[in-house]
Amino acid sequence: MHIRGDHTELVVGGRLDVRSAADARTVLHTAVDTGRGDLVLDLTELDSWDATGLGVIMGVHRRAGRGGRRLVLRGVPPQMQRLLVATRLHRILAIEGGLEAEALPRV
């Protein structure tokens, strides 16, 4: 896993999983704590995430909210969009540009 950027926009790549969660949490919390305004996470380079990685994202979302900031996800890969829909987290998280039609449930 790699994270690059600053306290306003970060690119997250590789795998966000149980092995990388602690390092990711530290970097993301520092970015939340030191910046202002929206914190954009660009996930276009993210290969996968597991439940622990998703927990890191939700923790950053909560921390940003407590600090008066908003976490915005950009470039969420389709398979991860489907997971956000399945867990209904797409209703809580800000996703730039919305979700692709195939990620949304059919009514």
# chains A, B, ... in the order shown; residues from 1 in each chain; ligands from 1

call {"tool": "residues_around", "arguments": {"residues": "stretch 75-78 of chain A", "least_positions_apart": "2", "cutoff": "10 Å", "atoms": "only C-alpha atoms", "output": "NGL selection string"}}
result
:A and (11 or 41-48 or 73 or 80-84 or 95-103)

call {"tool": "select_by_dssp", "arguments": {"residues": "chain A", "states": "helix (DSSP H, G or I)", "output": "ChimeraX atom specification"}}
result
/A:21-34,51-66,78-86,89-91,101-103

call {"tool": "closest_residue", "arguments": {"among": "A:Gln79, A:Thr52, A:Thr30, A:Ser20", "to": "A:Asp6", "atoms": "only C-alpha atoms"}}
result
A:Thr30

call {"tool": "closest_residue", "arguments": {"among": "A:Leu93, A:Leu10, A:Arg36, A:Trp49", "to": "A:Arg62", "atoms": "only C-alpha atoms"}}
result
A:Leu93

call {"tool": "closest_residue", "arguments": {"among": "A:Arg63, A:Val85, A:His7, A:Ile92", "to": "A:Thr34", "atoms": "only C-alpha atoms"}}
result
A:His7

call {"tool": "atom_distance", "arguments": {"atom1": "atom CA of A:Ala21", "atom2": "atom CA of A:Arg66"}}
result
20.7 Å

call {"tool": "closest_residue", "arguments": {"among": "A:Val60, A:Ala22, A:Val40, A:Ala51", "to": "A:Arg4", "atoms": "only C-alpha atoms"}}
result
A:Val40

call {"tool": "closest_residue", "arguments": {"among": "A:His2, A:Gly55, A:Arg88, A:Thr8", "to": "A:Val72", "atoms": "only C-alpha atoms"}}
result
A:Thr8

call {"tool": "closest_residue", "arguments": {"among": "A:Leu71, A:Ala94, A:Leu39, A:Val18", "to": "A:Gly53", "atoms": "only C-alpha atoms"}}
result
A:Val18

call {"tool": "select_by_dssp", "arguments": {"residues": "chain A", "states": "strand (DSSP E)", "output": "list in words"}}
result
His2, Ile3, Arg4, Gly5, Glu9, Leu10, Val11, Val12, Gly13, Gly14, Arg15, Leu16, Leu39, Val40, Leu41, Asp42, Leu43, Thr44, Glu45, Leu46, Asp47, Ser48, Trp49, Leu71, Val72, Leu73, Arg74, Ala94 and Ile95 of chain A

call {"tool": "atom_distance", "arguments": {"atom1": "atom CA of A:Arg91", "atom2": "atom CA of A:Met58"}}
result
12.3 Å

call {"tool": "residues_around", "arguments": {"residues": "A:Thr26", "least_positions_apart": "6", "cutoff": "12 Å", "atoms": "only C-alpha atoms", "output": "PyMOL selection string"}}
result
chain A and resi 3+20+32-33+56-57+59-60

call {"tool": "residues_around", "arguments": {"residues": "A:Arg69", "least_positions_apart": "4", "cutoff": "7 Å", "atoms": "only C-alpha atoms", "output": "ChimeraX atom specification"}}
result
/A:36-38,64-65

call {"tool": "atom_distance", "arguments": {"atom1": "atom CA of A:Asp50", "atom2": "atom CA of A:Asp23"}}
result
14.9 Å
